[in-house]
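Student: See protein20.cif below, with mmCIF, C-alpha atoms and all ligand atoms.
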data_upload
#
loop_
_atom_site.label_atom_id
_atom_site.label_comp_id
_atom_site.auth_asym_id
_atom_site.auth_seq_id
_atom_site.Cartn_x
_atom_site.Cartn_y
_atom_site.Cartn_z
CA MET D 1 -17.38 302.92 37.86
CA PRO D 2 -19.13 302.13 34.58
CA ILE D 3 -15.85 301.38 32.80
CA SER D 4 -14.80 298.76 35.34
CA LYS D 5 -18.24 297.13 35.12
CA LEU D 6 -17.80 296.98 31.35
CA LYS D 7 -14.32 295.50 31.64
CA ARG D 8 -15.63 292.77 33.92
CA LYS D 9 -18.36 291.98 31.40
CA LEU D 10 -15.97 291.93 28.43
CA LYS D 11 -13.63 289.66 30.36
CA GLU D 12 -16.31 286.95 30.63
CA LYS D 13 -16.11 286.25 26.89
CA ASP D 14 -12.69 287.81 26.31
CA GLU D 15 -14.13 290.45 23.99
CA PHE D 16 -11.08 292.75 23.90
CA PRO D 17 -10.46 295.20 22.41
CA CYS D 18 -13.88 296.59 21.75
CA LEU D 19 -14.85 299.74 19.88
CA ILE D 20 -17.66 301.78 21.42
CA THR D 21 -19.35 304.03 18.85
CA ASP D 22 -22.72 304.77 20.48
CA LEU D 23 -22.35 308.36 21.74
CA LYS D 24 -24.76 307.78 24.63
CA ASN D 25 -22.63 304.84 25.73
CA ILE D 26 -19.53 307.02 25.41
CA LYS D 27 -21.15 309.67 27.59
CA TYR D 28 -21.99 306.97 30.10
CA LEU D 29 -18.44 305.63 30.18
CA THR D 30 -16.54 308.91 30.10
CA GLY D 31 -18.88 311.88 30.64
CA PHE D 32 -18.05 313.15 27.13
CA SER D 33 -21.00 314.86 25.47
CA GLY D 34 -19.56 316.03 22.14
CA SER D 35 -20.65 314.84 18.71
CA ASN D 36 -17.49 312.98 17.64
CA GLY D 37 -15.78 310.49 19.84
CA TYR D 38 -14.89 306.80 20.01
CA VAL D 39 -13.82 304.61 22.87
CA ILE D 40 -11.68 301.52 22.60
CA VAL D 41 -11.63 299.32 25.66
CA GLY D 42 -8.52 297.19 25.51
CA LYS D 43 -7.12 294.54 27.77
CA LYS D 44 -4.22 296.82 28.70
CA LYS D 45 -5.59 300.33 28.33
CA ASN D 46 -8.66 302.37 27.42
CA TYR D 47 -8.46 304.81 24.52
CA PHE D 48 -10.55 307.84 23.67
CA ILE D 49 -10.39 308.95 20.05
CA SER D 50 -11.60 312.38 18.95
CA ASP D 51 -10.61 315.26 16.70
CA SER D 52 -8.81 318.47 17.61
CA ARG D 53 -12.04 320.38 18.31
CA TYR D 54 -12.61 318.22 21.35
CA GLU D 55 -9.02 317.63 22.46
CA LEU D 56 -8.92 320.09 25.37
CA TYR D 57 -12.43 319.30 26.54
CA ALA D 58 -11.91 315.54 26.36
CA LYS D 59 -8.59 315.72 28.19
CA SER D 60 -10.20 317.81 30.91
CA ILE D 61 -12.84 315.18 31.69
CA LEU D 62 -11.12 311.88 30.93
CA LYS D 63 -10.02 309.83 33.90
CA LYS D 64 -6.41 308.69 34.15
CA ASN D 65 -7.30 305.24 32.87
CA PHE D 66 -7.99 306.65 29.39
CA ARG D 67 -5.43 307.65 26.81
CA PHE D 68 -6.48 310.40 24.40
CA VAL D 69 -5.75 309.57 20.76
CA LEU D 70 -5.98 312.48 18.34
CA GLN D 71 -8.02 311.60 15.28
CA GLY D 72 -6.41 312.90 12.13
CA ASP D 73 -7.96 312.54 8.70
CA SER D 74 -9.01 308.98 9.22
CA LEU D 75 -10.54 307.16 12.14
CA SER D 76 -9.09 303.87 10.96
CA GLU D 77 -5.51 305.16 11.43
CA SER D 78 -6.29 306.00 15.06
CA ILE D 79 -7.89 302.60 15.59
CA LYS D 80 -4.82 300.94 14.04
CA GLU D 81 -2.63 302.81 16.51
CA CYS D 82 -4.65 301.48 19.47
CA LEU D 83 -4.73 297.92 18.12
CA LYS D 84 -0.97 298.04 17.69
CA GLU D 85 -0.51 299.15 21.26
CA GLU D 86 -2.77 296.33 22.42
CA GLY D 87 -1.07 293.81 20.15
CA ALA D 88 -4.54 292.80 18.96
CA LYS D 89 -5.76 291.47 15.63
CA THR D 90 -9.45 291.38 16.52
CA LEU D 91 -11.87 294.24 17.11
CA PHE D 92 -15.28 293.80 18.74
CA LEU D 93 -18.02 296.18 17.61
CA GLU D 94 -21.35 297.56 18.78
CA SER D 95 -23.59 296.21 16.05
CA HIS D 96 -26.63 298.18 17.21
CA ASP D 97 -24.83 301.42 16.43
CA LEU D 98 -22.13 301.06 13.76
CA SER D 99 -23.60 301.77 10.33
CA LEU D 100 -23.06 299.38 7.46
CA GLN D 101 -21.15 302.14 5.66
CA GLN D 102 -18.81 302.68 8.62
CA PHE D 103 -18.33 298.93 8.88
CA LEU D 104 -17.44 298.56 5.20
CA ILE D 105 -14.91 301.41 5.43
CA LEU D 106 -13.28 299.94 8.53
CA LYS D 107 -13.22 296.51 6.93
CA LYS D 108 -11.41 297.91 3.91
CA LYS D 109 -8.93 300.02 5.87
CA LEU D 110 -8.20 297.58 8.69
CA ARG D 111 -6.95 294.70 6.61
CA GLY D 112 -5.99 291.66 8.60
CA VAL D 113 -8.15 292.71 11.57
CA LYS D 114 -10.99 290.36 12.39
CA MET D 115 -14.14 292.32 13.14
CA VAL D 116 -16.69 290.67 15.40
CA PRO D 117 -19.98 292.02 16.74
CA LEU D 118 -20.23 291.95 20.55
CA GLU D 119 -22.51 289.13 21.60
CA GLU D 120 -24.83 291.53 23.37
CA ASP D 121 -25.15 295.30 23.74
CA CYS D 122 -22.80 295.25 26.73
CA VAL D 123 -22.89 298.92 27.68
CA ASN D 124 -26.63 299.14 27.13
CA SER D 125 -27.24 296.25 29.49
CA ILE D 126 -24.99 297.76 32.15
CA ARG D 127 -26.90 301.03 31.75
CA MET D 128 -30.13 299.31 32.83
CA ILE D 129 -29.06 299.49 36.47
CA LYS D 130 -28.88 303.11 37.52
CA THR D 131 -26.31 304.53 39.92
CA ASP D 132 -27.36 306.79 42.79
CA ASP D 133 -26.20 309.84 40.83
CA GLU D 134 -28.28 308.83 37.83
CA ILE D 135 -31.33 308.21 40.01
CA ASP D 136 -30.89 311.65 41.52
CA ILE D 137 -30.92 313.32 38.09
CA LEU D 138 -33.91 311.23 36.95
CA ARG D 139 -35.82 312.21 40.11
CA ARG D 140 -35.16 315.87 39.39
CA ALA D 141 -36.23 315.40 35.76
CA ALA D 142 -39.42 313.69 36.98
CA LYS D 143 -40.13 316.60 39.32
CA ILE D 144 -39.78 319.16 36.52
CA THR D 145 -42.16 317.06 34.42
CA ASP D 146 -44.69 316.96 37.24
CA ASP D 147 -44.42 320.72 37.58
CA CYS D 148 -45.08 321.00 33.86
CA VAL D 149 -48.28 318.95 34.30
CA THR D 150 -49.45 321.37 36.99
CA HIS D 151 -48.59 324.29 34.74
CA LEU D 152 -50.55 322.77 31.83
CA THR D 153 -53.66 322.04 33.87
CA LYS D 154 -53.82 325.76 34.65
CA LEU D 155 -53.02 326.92 31.14
CA VAL D 156 -54.73 324.62 28.67
CA LYS D 157 -58.21 325.51 27.45
CA ALA D 158 -60.50 324.93 24.51
CA GLY D 159 -59.46 327.01 21.52
CA MET D 160 -55.71 326.53 21.92
CA THR D 161 -54.01 324.49 19.23
CA GLU D 162 -52.09 321.32 19.95
CA LEU D 163 -48.92 323.08 18.78
CA ASP D 164 -49.55 325.93 21.25
CA VAL D 165 -49.44 323.36 24.05
CA ALA D 166 -46.38 321.58 22.65
CA THR D 167 -44.53 324.91 22.43
CA GLU D 168 -45.49 325.76 26.00
CA ILE D 169 -44.09 322.43 27.20
CA GLU D 170 -40.72 323.03 25.55
CA TYR D 171 -40.54 326.60 26.86
CA PHE D 172 -41.36 325.42 30.38
CA TYR D 173 -38.59 322.81 30.34
CA ARG D 174 -35.97 325.19 29.01
CA LYS D 175 -36.87 327.80 31.61
CA ARG D 176 -36.28 325.13 34.22
CA GLY D 177 -32.74 324.41 33.06
CA CYS D 178 -33.39 321.47 30.75
CA SER D 179 -31.68 321.23 27.38
CA GLY D 180 -35.12 320.62 25.89
CA CYS D 181 -37.74 317.94 25.43
CA SER D 182 -36.64 314.31 25.57
CA PHE D 183 -38.70 313.72 22.39
CA ASP D 184 -41.24 315.69 20.35
CA SER D 185 -44.15 316.09 22.76
CA ILE D 186 -47.32 314.27 21.78
CA VAL D 187 -50.28 316.59 22.24
CA ALA D 188 -53.24 314.77 20.75
CA SER D 189 -56.80 316.00 21.07
CA GLY D 190 -60.01 314.15 20.20
CA PRO D 191 -59.61 311.50 17.48
CA GLY D 192 -55.85 312.21 17.31
CA ALA D 193 -55.47 310.59 20.73
CA ALA D 194 -56.35 307.25 19.09
CA MET D 195 -52.88 307.28 17.50
CA PRO D 196 -50.25 306.35 20.08
CA HIS D 197 -47.52 308.35 18.28
CA TYR D 198 -49.52 311.29 16.99
CA MET D 199 -47.73 314.49 15.90
CA PRO D 200 -49.36 317.69 17.20
CA GLY D 201 -50.62 320.14 14.60
CA LYS D 202 -52.66 323.30 14.16
CA LYS D 203 -55.82 321.54 15.23
CA LYS D 204 -57.73 323.42 17.91
CA ILE D 205 -58.56 321.66 21.15
CA LYS D 206 -62.33 321.47 21.49
CA LYS D 207 -64.75 321.10 24.38
CA GLY D 208 -65.82 317.52 24.96
CA GLU D 209 -62.55 316.08 23.64
CA CYS D 210 -59.91 314.09 25.42
CA LEU D 211 -56.38 315.50 25.39
CA LEU D 212 -53.48 313.06 25.56
CA ILE D 213 -50.14 314.62 26.43
CA ASP D 214 -46.99 312.47 26.36
CA MET D 215 -43.89 314.49 27.22
CA GLY D 216 -40.54 314.51 28.90
CA CYS D 217 -37.51 316.70 29.47
CA THR D 218 -33.79 316.16 29.07
CA LEU D 219 -31.87 317.17 32.17
CA GLU D 220 -28.08 316.78 32.30
CA GLY D 221 -28.41 314.24 29.48
CA TYR D 222 -31.09 312.16 31.24
CA ASN D 223 -34.69 311.85 30.07
CA SER D 224 -38.05 311.87 31.78
CA ASP D 225 -41.25 310.50 30.26
CA LEU D 226 -44.84 310.93 31.41
CA THR D 227 -48.30 310.73 29.87
CA ARG D 228 -51.57 312.10 31.17
CA THR D 229 -54.93 312.14 29.45
CA PHE D 230 -57.15 315.09 30.31
CA PHE D 231 -60.72 315.92 29.32
CA ILE D 232 -61.79 319.32 28.11
CA ASP D 233 -64.93 320.67 29.76
CA SER D 234 -66.76 317.31 29.84
CA VAL D 235 -66.11 313.58 29.55
CA ASP D 236 -67.48 311.21 26.90
CA VAL D 237 -69.19 308.27 28.66
CA LYS D 238 -67.25 305.62 26.78
CA LEU D 239 -63.91 307.37 27.34
CA ASN D 240 -64.75 307.71 31.02
CA GLY D 241 -65.03 303.91 31.28
CA ILE D 242 -61.84 303.48 29.27
CA TYR D 243 -60.02 305.90 31.55
CA ASN D 244 -60.93 303.83 34.59
CA THR D 245 -59.82 300.62 32.90
CA VAL D 246 -56.42 302.09 31.93
CA LYS D 247 -55.97 303.56 35.41
CA GLU D 248 -56.74 300.19 37.01
CA ALA D 249 -54.45 298.35 34.59
CA GLN D 250 -51.63 300.77 35.34
CA GLN D 251 -52.19 300.49 39.10
CA MET D 252 -52.13 296.68 38.90
CA ALA D 253 -48.83 296.85 37.00
CA LEU D 254 -47.38 299.36 39.49
CA ASP D 255 -48.38 297.03 42.32
CA ALA D 256 -46.66 294.13 40.58
CA VAL D 257 -43.34 295.89 39.90
CA LYS D 258 -40.46 294.55 41.95
CA ALA D 259 -37.03 293.08 41.44
CA GLY D 260 -37.33 289.53 40.14
CA ILE D 261 -40.50 289.78 38.04
CA THR D 262 -40.03 289.10 34.32
CA THR D 263 -40.93 291.82 31.83
CA ARG D 264 -43.35 289.36 30.19
CA LYS D 265 -45.22 288.72 33.42
CA LEU D 266 -45.41 292.41 34.29
CA ASP D 267 -46.66 293.28 30.80
CA GLY D 268 -49.30 290.57 31.16
CA VAL D 269 -50.71 292.04 34.38
CA ALA D 270 -51.92 295.20 32.64
CA ARG D 271 -52.65 293.53 29.32
CA ASN D 272 -54.90 290.87 30.83
CA HIS D 273 -56.93 293.45 32.70
CA ILE D 274 -57.45 295.48 29.53
CA ALA D 275 -58.37 292.32 27.60
CA GLU D 276 -60.83 291.20 30.30
CA SER D 277 -62.48 294.61 30.05
CA GLY D 278 -63.09 293.96 26.35
CA TYR D 279 -60.38 296.24 24.93
CA GLY D 280 -57.67 293.69 24.12
CA ASP D 281 -57.60 294.73 20.46
CA CYS D 282 -57.25 298.41 21.35
CA TYR D 283 -53.89 298.11 23.15
CA ASN D 284 -51.08 297.06 20.87
CA HIS D 285 -47.89 298.52 22.29
CA GLY D 286 -45.63 297.33 25.07
CA LEU D 287 -46.19 298.22 28.72
CA GLY D 288 -43.10 300.37 28.99
CA HIS D 289 -39.36 300.75 28.60
CA GLY D 290 -36.18 301.62 30.38
CA LEU D 291 -35.31 305.28 30.70
CA GLY D 292 -32.00 307.07 31.12
CA LEU D 293 -29.57 308.64 28.67
CA ASP D 294 -31.97 307.39 25.99
CA VAL D 295 -35.67 307.96 26.28
CA HIS D 296 -36.21 304.37 25.17
CA GLU D 297 -33.55 302.01 26.44
CA LEU D 298 -33.33 298.53 27.90
CA PRO D 299 -35.27 296.81 29.31
CA ALA D 300 -38.22 296.67 26.90
CA LEU D 301 -41.40 295.71 28.74
CA LYS D 302 -43.27 293.67 26.19
CA ARG D 303 -45.26 290.51 25.67
CA ASP D 304 -42.28 288.30 24.89
CA GLY D 305 -39.53 289.52 27.23
CA ASP D 306 -37.79 287.07 29.53
CA LEU D 307 -35.64 289.62 31.28
CA LYS D 308 -36.05 289.92 35.04
CA LEU D 309 -36.36 293.38 36.58
CA LYS D 310 -33.59 294.31 38.98
CA ASN D 311 -33.15 296.75 41.82
CA ASN D 312 -32.41 300.31 40.61
CA MET D 313 -33.77 299.92 37.10
CA VAL D 314 -35.81 302.93 35.98
CA ILE D 315 -38.73 302.05 33.71
CA THR D 316 -42.02 303.46 32.48
CA ILE D 317 -45.42 301.87 33.01
CA GLU D 318 -47.75 303.08 30.28
CA PRO D 319 -50.78 301.04 29.26
CA GLY D 320 -53.33 302.61 26.92
CA ILE D 321 -56.57 302.02 25.04
CA TYR D 322 -57.15 303.60 21.64
CA ILE D 323 -60.48 303.81 19.78
CA PRO D 324 -60.32 305.04 16.15
CA ASP D 325 -62.37 308.20 15.50
CA LEU D 326 -63.12 308.64 19.20
CA GLY D 327 -59.84 309.10 21.05
CA GLY D 328 -57.56 307.30 23.42
CA VAL D 329 -56.29 307.15 26.97
CA ARG D 330 -52.76 306.44 28.13
CA ILE D 331 -51.36 306.96 31.60
CA GLU D 332 -47.60 306.76 31.98
CA ASP D 333 -45.32 307.10 34.96
CA MET D 334 -41.63 306.69 35.65
CA VAL D 335 -40.83 304.03 38.17
CA LEU D 336 -37.75 303.06 40.13
CA VAL D 337 -37.62 299.30 40.71
CA THR D 338 -36.69 298.28 44.23
CA ARG D 339 -36.17 294.92 45.95
CA THR D 340 -39.60 295.00 47.55
CA GLY D 341 -41.64 296.98 45.01
CA CYS D 342 -41.15 300.32 43.39
CA GLU D 343 -41.04 304.05 43.84
CA VAL D 344 -43.23 305.99 41.42
CA MET D 345 -40.92 308.85 40.49
CA THR D 346 -43.51 311.01 38.75
CA LYS D 347 -46.06 312.16 41.30
CA SER D 348 -48.77 313.81 39.16
CA SER D 349 -52.31 312.74 40.03
CA ARG D 350 -53.67 309.83 38.03
CA GLU D 351 -57.26 310.73 38.78
CA LEU D 352 -59.45 311.80 35.87
CA ILE D 353 -59.03 315.54 35.43
CA VAL D 354 -61.51 317.73 33.55
CA ILE D 355 -59.97 321.02 32.47
MN MN P 401 -42.73 306.26 27.27
#
Rewrite the structure from the file as structure tokens, please.
Tutor:
Amino acid sequence: MPISKLKRKLKEKDEFPCLITDLKNIKYLTGFSGSNGYVIVGKKKNYFISDSRYELYAKSILKKNFRFVLQGDSLSESIKECLKEEGAKTLFLESHDLSLQQFLILKKKLRGVKMVPLEEDCVNSIRMIKTDDEIDILRRAAKITDDCVTHLTKLVKAGMTELDVATEIEYFYRKRGCSGCSFDSIVASGPGAAMPHYMPGKKKIKKGECLLIDMGCTLEGYNSDLTRTFFIDSVDVKLNGIYNTVKEAQQMALDAVKAGITTRKLDGVARNHIAESGYGDCYNHGLGHGLGLDVHELPALKRDGDLKLKNNMVITIEPGIYIPDLGGVRIEDMVLVTRTGCEVMTKSSRELIVI
């Protein structure tokens, strides 16, 4: 149970009671998926604060170890009520989420209460290790994304606009029972593919161009993430070489994934290969990121990360090479870390595909 894992973690540094404000963390701890809710994890009890709109729904999903506290006009009054019940004069906070404005209001209203940021993003670090149920949803989300790739390889052709393709992706996901895309799809053709976070526009996809598509769906609150780079009608010689380099770099990283490796070391595997191929300056983002309720969550796979991968983490592996005015190649897959290696959750072919 996520809540008992959190309690164990909070106990280590005696960080009770603690106010959880990050709605993704609240969904993780309780299943609640509304837009207004707060959790207080106390030494004695757990509290769920929300307004009357969510009272029935919240009560229907909350486990017995939560007490529902109806939020009236002010959140601080509800928090006071919980602190009183706990006999506490300190409140730990999620500093990655609580806005400065919210903090200043709470500080003013909760006089005499010491407010302390949690030493680390406790819930976020617990979320790194996925449960079997979460892995099951992520596998299904990966499958829908793979099916979307197949659909696109049949559908995309020169003359379509990038937005046409982006619209098709969203439609496909929704038809398959997803609540939508996990982020605005990147559909970047030709020179646009040189920008890792390009926004698709009315530009028409032309013959001879590369087409980078980075997309994912949200299924039951969980996100998938995949990138493929296609070529329209023919392949530029330079981009062909780049494609092979990125594919090799990604394969080397996939081969290196296993519980115990540090994020820095794993990032280096792909980065060194790209640098040795002469494209070190053309790859400036991290190798990947954790994936779950957020499309980017812990761990971050980057040059300076000391975190060790653990069994049942779900991460992306997504090296790329970007050449201004020419285009770019990125290949991204979702990966489940295991004790001995990994399972690549997205199964779409990584071979160079000319559409
Ligand atoms: Mn990604």
Student: Using all atoms listed in the file, what table do you get, as CSV, when you list each residue of chain D with an atom no more than 12 Å from ligand MN 401 (chain P), its nearest pair of atoms, and their distance in Å rounded to one decimal, rows by chain then rising number?
Tutor:
residue,atom,partner,partner_atom,distance
D:Ser182,CA,P:MN401,MN,10.2
D:Phe183,CA,P:MN401,MN,9.8
D:Asp184,CA,P:MN401,MN,11.8
D:Ser185,CA,P:MN401,MN,10.9
D:Ile186,CA,P:MN401,MN,10.7
D:Pro196,CA,P:MN401,MN,10.4
D:His197,CA,P:MN401,MN,10.4
D:Ile213,CA,P:MN401,MN,11.2
D:Asp214,CA,P:MN401,MN,7.6
D:Met215,CA,P:MN401,MN,8.3
D:Gly216,CA,P:MN401,MN,8.7
D:Cys217,CA,P:MN401,MN,11.9
D:Asn223,CA,P:MN401,MN,10.2
D:Ser224,CA,P:MN401,MN,8.6
D:Asp225,CA,P:MN401,MN,5.4
D:Leu226,CA,P:MN401,MN,6.6
D:Thr227,CA,P:MN401,MN,7.6
D:Arg228,CA,P:MN401,MN,11.3
D:His285,CA,P:MN401,MN,10.6
D:Gly286,CA,P:MN401,MN,9.6
D:Leu287,CA,P:MN401,MN,8.9
D:Gly288,CA,P:MN401,MN,6.1
D:His289,CA,P:MN401,MN,6.6
D:Gly290,CA,P:MN401,MN,8.6
D:Leu291,CA,P:MN401,MN,8.2
D:Gly292,CA,P:MN401,MN,11.4
D:Asp294,CA,P:MN401,MN,10.9
D:Val295,CA,P:MN401,MN,7.3
D:His296,CA,P:MN401,MN,7.1
D:Glu297,CA,P:MN401,MN,10.2
D:Ala300,CA,P:MN401,MN,10.6
D:Leu301,CA,P:MN401,MN,10.7
D:Val314,CA,P:MN401,MN,11.6
D:Ile315,CA,P:MN401,MN,8.7
D:Thr316,CA,P:MN401,MN,6.0
D:Ile317,CA,P:MN401,MN,7.7
D:Glu318,CA,P:MN401,MN,6.7
D:Pro319,CA,P:MN401,MN,9.8
D:Gly320,CA,P:MN401,MN,11.2
D:Arg330,CA,P:MN401,MN,10.1
D:Ile331,CA,P:MN401,MN,9.7
D:Glu332,CA,P:MN401,MN,6.8
D:Asp333,CA,P:MN401,MN,8.2
D:Met334,CA,P:MN401,MN,8.5
D:Val335,CA,P:MN401,MN,11.3
Student: Write the residues you've just listed into a file as a PDB file, keeping the file's coordinate frame, and include C-alpha atoms for each of them.
Tutor:
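Result file is result_27.pdb:
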ATOM      1  CA  SER D 182     -36.640 314.310  25.570  1.00  0.00           C
ATOM      2  CA  PHE D 183     -38.700 313.720  22.390  1.00  0.00           C
ATOM      3  CA  ASP D 184     -41.240 315.690  20.350  1.00  0.00           C
ATOM      4  CA  SER D 185     -44.150 316.090  22.760  1.00  0.00           C
ATOM      5  CA  ILE D 186     -47.320 314.270  21.780  1.00  0.00           C
ATOM      6  CA  PRO D 196     -50.250 306.350  20.080  1.00  0.00           C
ATOM      7  CA  HIS D 197     -47.520 308.350  18.280  1.00  0.00           C
ATOM      8  CA  ILE D 213     -50.140 314.620  26.430  1.00  0.00           C
ATOM      9  CA  ASP D 214     -46.990 312.470  26.360  1.00  0.00           C
ATOM     10  CA  MET D 215     -43.890 314.490  27.220  1.00  0.00           C
ATOM     11  CA  GLY D 216     -40.540 314.510  28.900  1.00  0.00           C
ATOM     12  CA  CYS D 217     -37.510 316.700  29.470  1.00  0.00           C
ATOM     13  CA  ASN D 223     -34.690 311.850  30.070  1.00  0.00           C
ATOM     14  CA  SER D 224     -38.050 311.870  31.780  1.00  0.00           C
ATOM     15  CA  ASP D 225     -41.250 310.500  30.260  1.00  0.00           C
ATOM     16  CA  LEU D 226     -44.840 310.930  31.410  1.00  0.00           C
ATOM     17  CA  THR D 227     -48.300 310.730  29.870  1.00  0.00           C
ATOM     18  CA  ARG D 228     -51.570 312.100  31.170  1.00  0.00           C
ATOM     19  CA  HIS D 285     -47.890 298.520  22.290  1.00  0.00           C
ATOM     20  CA  GLY D 286     -45.630 297.330  25.070  1.00  0.00           C
ATOM     21  CA  LEU D 287     -46.190 298.220  28.720  1.00  0.00           C
ATOM     22  CA  GLY D 288     -43.100 300.370  28.990  1.00  0.00           C
ATOM     23  CA  HIS D 289     -39.360 300.750  28.600  1.00  0.00           C
ATOM     24  CA  GLY D 290     -36.180 301.620  30.380  1.00  0.00           C
ATOM     25  CA  LEU D 291     -35.310 305.280  30.700  1.00  0.00           C
ATOM     26  CA  GLY D 292     -32.000 307.070  31.120  1.00  0.00           C
ATOM     27  CA  ASP D 294     -31.970 307.390  25.990  1.00  0.00           C
ATOM     28  CA  VAL D 295     -35.670 307.960  26.280  1.00  0.00           C
ATOM     29  CA  HIS D 296     -36.210 304.370  25.170  1.00  0.00           C
ATOM     30  CA  GLU D 297     -33.550 302.010  26.440  1.00  0.00           C
ATOM     31  CA  ALA D 300     -38.220 296.670  26.900  1.00  0.00           C
ATOM     32  CA  LEU D 301     -41.400 295.710  28.740  1.00  0.00           C
ATOM     33  CA  VAL D 314     -35.810 302.930  35.980  1.00  0.00           C
ATOM     34  CA  ILE D 315     -38.730 302.050  33.710  1.00  0.00           C
ATOM     35  CA  THR D 316     -42.020 303.460  32.480  1.00  0.00           C
ATOM     36  CA  ILE D 317     -45.420 301.870  33.010  1.00  0.00           C
ATOM     37  CA  GLU D 318     -47.750 303.080  30.280  1.00  0.00           C
ATOM     38  CA  PRO D 319     -50.780 301.040  29.260  1.00  0.00           C
ATOM     39  CA  GLY D 320     -53.330 302.610  26.920  1.00  0.00           C
ATOM     40  CA  ARG D 330     -52.760 306.440  28.130  1.00  0.00           C
ATOM     41  CA  ILE D 331     -51.360 306.960  31.600  1.00  0.00           C
ATOM     42  CA  GLU D 332     -47.600 306.760  31.980  1.00  0.00           C
ATOM     43  CA  ASP D 333     -45.320 307.100  34.960  1.00  0.00           C
ATOM     44  CA  MET D 334     -41.630 306.690  35.650  1.00  0.00           C
ATOM     45  CA  VAL D 335     -40.830 304.030  38.170  1.00  0.00           C
TER      46      VAL D 335
END
Student: Please produce, as a Markdown table, a per-residue contact table for stretch 2-45 of chain D versus stretch 73-92 of chain D (criterion: any atom at most 8 Å away, only C-alpha atoms considered), showing the nearest atom pair and its distance in Å to one decimal, sorted by chain then residue number.
Tutor:
| residue | atom | partner | partner_atom | distance |
| --- | --- | --- | --- | --- |
| D:Glu15 | CA | D:Phe92 | CA | 6.3 |
| D:Phe16 | CA | D:Phe92 | CA | 6.7 |
| D:Pro17 | CA | D:Leu91 | CA | 5.6 |
| D:Cys18 | CA | D:Phe92 | CA | 4.3 |
| D:Leu19 | CA | D:Phe92 | CA | 6.1 |
| D:Ile40 | CA | D:Cys82 | CA | 7.7 |
| D:Gly42 | CA | D:Glu86 | CA | 6.6 |
| D:Lys43 | CA | D:Glu86 | CA | 7.1 |
| D:Lys44 | CA | D:Glu86 | CA | 6.5 |
| D:Lys45 | CA | D:Glu86 | CA | 7.7 |
Student: Would you be able to write out as a VMD selection string which residues have an atom within 12 Å of (-14.2, 304.4, 28.6) in the file's coordinates, counting only C-alpha atoms?
Tutor: chain D and resid 1 to 7 17 to 32 37 to 42 45 to 49 58 61 to 68 123
Student: Using atom CA of D:Lys107 and atom CA of D:Gln71 as the two end points, give the distance in Å to one decimal.
Tutor: 18.0 Å
Student: Name the residues within 12 Å of (-52.6, 325.4, 26.5), counting all atoms listed in the file in the file's coordinates, and put them as a ChimeraX atom specification.
Tutor: /D:148-169,172,187,189,204-206,211,213,230,232,355
Student: For D:Val354, which residue among D:Asp267, D:Asp325, D:Asp233, D:Asp146 is the nearest when counting all atoms listed in the file?
Tutor: D:Asp233
